[in-house]
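Worksheet for the structure shown next.
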Amino acid sequence: MLDLKFIRENVETVKEGIRKKNVNVDLDALLGLDAQRRELLKEVEQLKALKNSTSKDVGRAKAKGEDFEAIAAQMKQVSQKIKEIDQQVEQIADNMRGLLLRIPNLPEKSVPVGGEKANKTIKEWGKKKTFDFKPSAHWDLCEKLDIADFKRAVKVSGTGFVVFKGQGALLERALINFMIDTHVRDNGYTEIMPPYLSNEKAMTGTGQLPNLKDDMYCLKEDGYYLIPTGEVPVTNLYSDEILKADELPIYHVAHTACFRREAGSYGKETRGMKRVHQFDKVELVKFTTAETSYDEHEKLLNNAEMILQKLNLPYRVRILASGDMSFAAAKCYDLEVYSPGNDEYLEVSSCSNFEDFQSRRAHIRYKSKEGKTAFVHTLNASGLALPRTFIAILENYQTKDGKIEVPEVLRPYMNGLAFIG
């Protein structure tokens, strides 16, 4: 959420940022409500001052034995007017919050302007593997090796789900444990095991609500949402808290299942596991100060890259343009791993700096050594998302005889297994 005072003092800057994010929100309506609210607050303060002076007049009249009924009647009218204005102010404040929650974060100045076509590749790592045979797509490899079952998943749940089995389930579990261990041991993160259900307040705190409501699975009777990412519960661990400066930066890593309806994505990447409704993900979340957040953003990117480098998977880093970033991000890098089965790059991590956008919504602050209170900066990245990492391993490590070579770093997690199949 943007600071209302900042919006008021930087109207054109905010409007330009909204245009760059390609979001439709009526900023003038918000400013109109703000002006109306401030006028009402002035009026109510004047009425309260009148009420106080009138109360004194009643007291003096009583002391002198004079008639005070007329003054008392006037005070009653003033009290009623104050009550009416307070109710108006409360309603306007609710309407303003509804509009504020729909204003996106502003893109940081280094972010390219435009939509998806304006995204820029800023780094490439590793060499694309050459094959002396035509590489298969992951869905064919899964079927031939009997390591993932899409057809039976349909019977259990429906389309957009997958059942891992045998050595496929072992590979999925090995990846999760390898990623968690790397981030804890090498990168200094503290492991968190959060709930997979979050309430509306938490979903609003990180920016999923209200804008992405159609993409979420909601348990209406209980007031819960299935989490779309570990970012939601982990970031909100500190909602409504004031941290100490010497506690920052805080690094957390969490493995969770993630649940997404993918509303509006019908027909996109529906074959195999590139786009599914439930998937595993290892999430990295940071809490920092404003002064260090962009240095921490680069470190966060390096942390996510480390996983792909250890797996020896070729990838590229893309800086996202303003109109292709998430609603809440100020700056975002995408990590895209190369998939030879269909000769394409697949996103496995979005590495985002939200600045104080989420912390204002979730009320996460810290107290500096000088005693000043400020909002923390929040950052997160997938470290990594599992389905497409799983795909990249199958397709990059496939052999001519139809097996999958297990990357060296994963073999200790797979009981020394060198080949799948």
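Residues are referred to by chain and number: the chain letter is A, B, ... according to the order shown in the structure tokens, the number counts from 1 in that chain, and ligands are numbered separately from 1 in the order shown.
Residues with any atom within 10 Å of A:Gly371, counting only C-alpha atoms and excluding same-chain neighbours fewer than 4 positions away, are Lys244, Ala245, Tyr366 and Lys367 of chain A.
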All residues 8 Å or closer to A:Val113, only C-alpha atoms, same chain fewer than 5 positions away omitted, as a ChimeraX atom specification: /A:20,118,321-323
Polymer residues at most 7 Å from A:Ile103, only C-alpha atoms, same-chain spacing of 3 or more positions, as a PyMOL selection string: chain A and resi 25+99-100
Keeping only C-alpha atoms, take the residues you just selected and write them out as an mmCIF file, in the first residue's frame.
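Writing done, so here's out13.cif:
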data_model
loop_
_atom_site.group_PDB
_atom_site.id
_atom_site.type_symbol
_atom_site.label_atom_id
_atom_site.label_comp_id
_atom_site.auth_asym_id
_atom_site.auth_seq_id
_atom_site.Cartn_x
_atom_site.Cartn_y
_atom_site.Cartn_z
ATOM 1 C CA VAL A 25 -7.657 2.528 -10.688
ATOM 2 C CA LEU A 99 -9.280 2.263 -3.321
ATOM 3 C CA LEU A 100 -5.856 2.340 -1.669
#
Distance of atom CA of A:Thr130 from atom CA of A:Ser339, expressed in Å to one decimal place: 12.0 Å
Residue nearest A:Tyr333 - candidates A:Ile18, A:Ala381, A:Leu4, A:Met306, atoms counted: only C-alpha atoms: A:Ala381
Contacts of A:Lys134 within 10 Å, only C-alpha atoms, excl. fewer than 6 positions in-chain, as a ChimeraX atom specification: /A:340-341,400
Can you write out the residues you just picked, keeping C-alpha atoms, as a compact mmCIF listing (two decimals), in the first residue's frame?
# COMPACT_ATOMS: atom_id res chain seq x y z
CA PRO A 340 15.26 -28.59 -24.47
CA GLY A 341 12.17 -30.80 -24.91
CA LYS A 400 19.76 -41.73 -25.55
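The coordinates place atom CA of A:Lys129 at 8.9 Å from atom CA of A:Tyr397.
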Residue neighbourhood A:Phe259, 12 Å, only C-alpha atoms, exclusion window fewer than 3 positions, as a VMD selection string: chain A and resid 160 to 161 196 to 198 215 to 218 225 to 230 232 256 262 to 263 275 to 281
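Shortest atom-to-atom contact with A:Pro249 among A:Asp146, A:Val337, A:Val376, A:Leu308: A:Val376, counting only C-alpha atoms.
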All residues 12 Å or closer to A:Asn396, only C-alpha atoms, same chain fewer than 2 positions away omitted, as a PyMOL selection string: chain A and resi 126-131+134-138+141+311-315+337-344+388-394+398-400+403-407
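Here atom CA of A:Val154 stands at a distance of 12.7 Å from atom CA of A:Met273.
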Residue neighbourhood A:Gln88, 10 Å, only C-alpha atoms, exclusion window fewer than 3 positions, as a ChimeraX atom specification: /A:36-37,40-41,82-85,91-94
I need the chosen residues saved as a compact mmCIF listing (two decimals), in the first residue's frame, with C-alpha atoms.
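Written file, again_23.txt:
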# COMPACT_ATOMS: atom_id res chain seq x y z
CA GLN A 36 -13.98 15.43 1.66
CA ARG A 37 -12.72 13.53 4.70
CA LEU A 40 -15.35 16.84 7.64
CA LEU A 41 -12.58 16.36 10.18
CA ILE A 82 -20.70 15.13 15.71
CA LYS A 83 -22.04 11.56 15.71
CA GLU A 84 -23.35 11.93 12.15
CA ILE A 85 -20.05 13.35 10.87
CA GLN A 91 -17.60 5.36 5.80
CA ILE A 92 -15.31 7.55 3.70
CA ALA A 93 -12.26 5.98 5.36
CA ASP A 94 -13.55 2.49 4.42
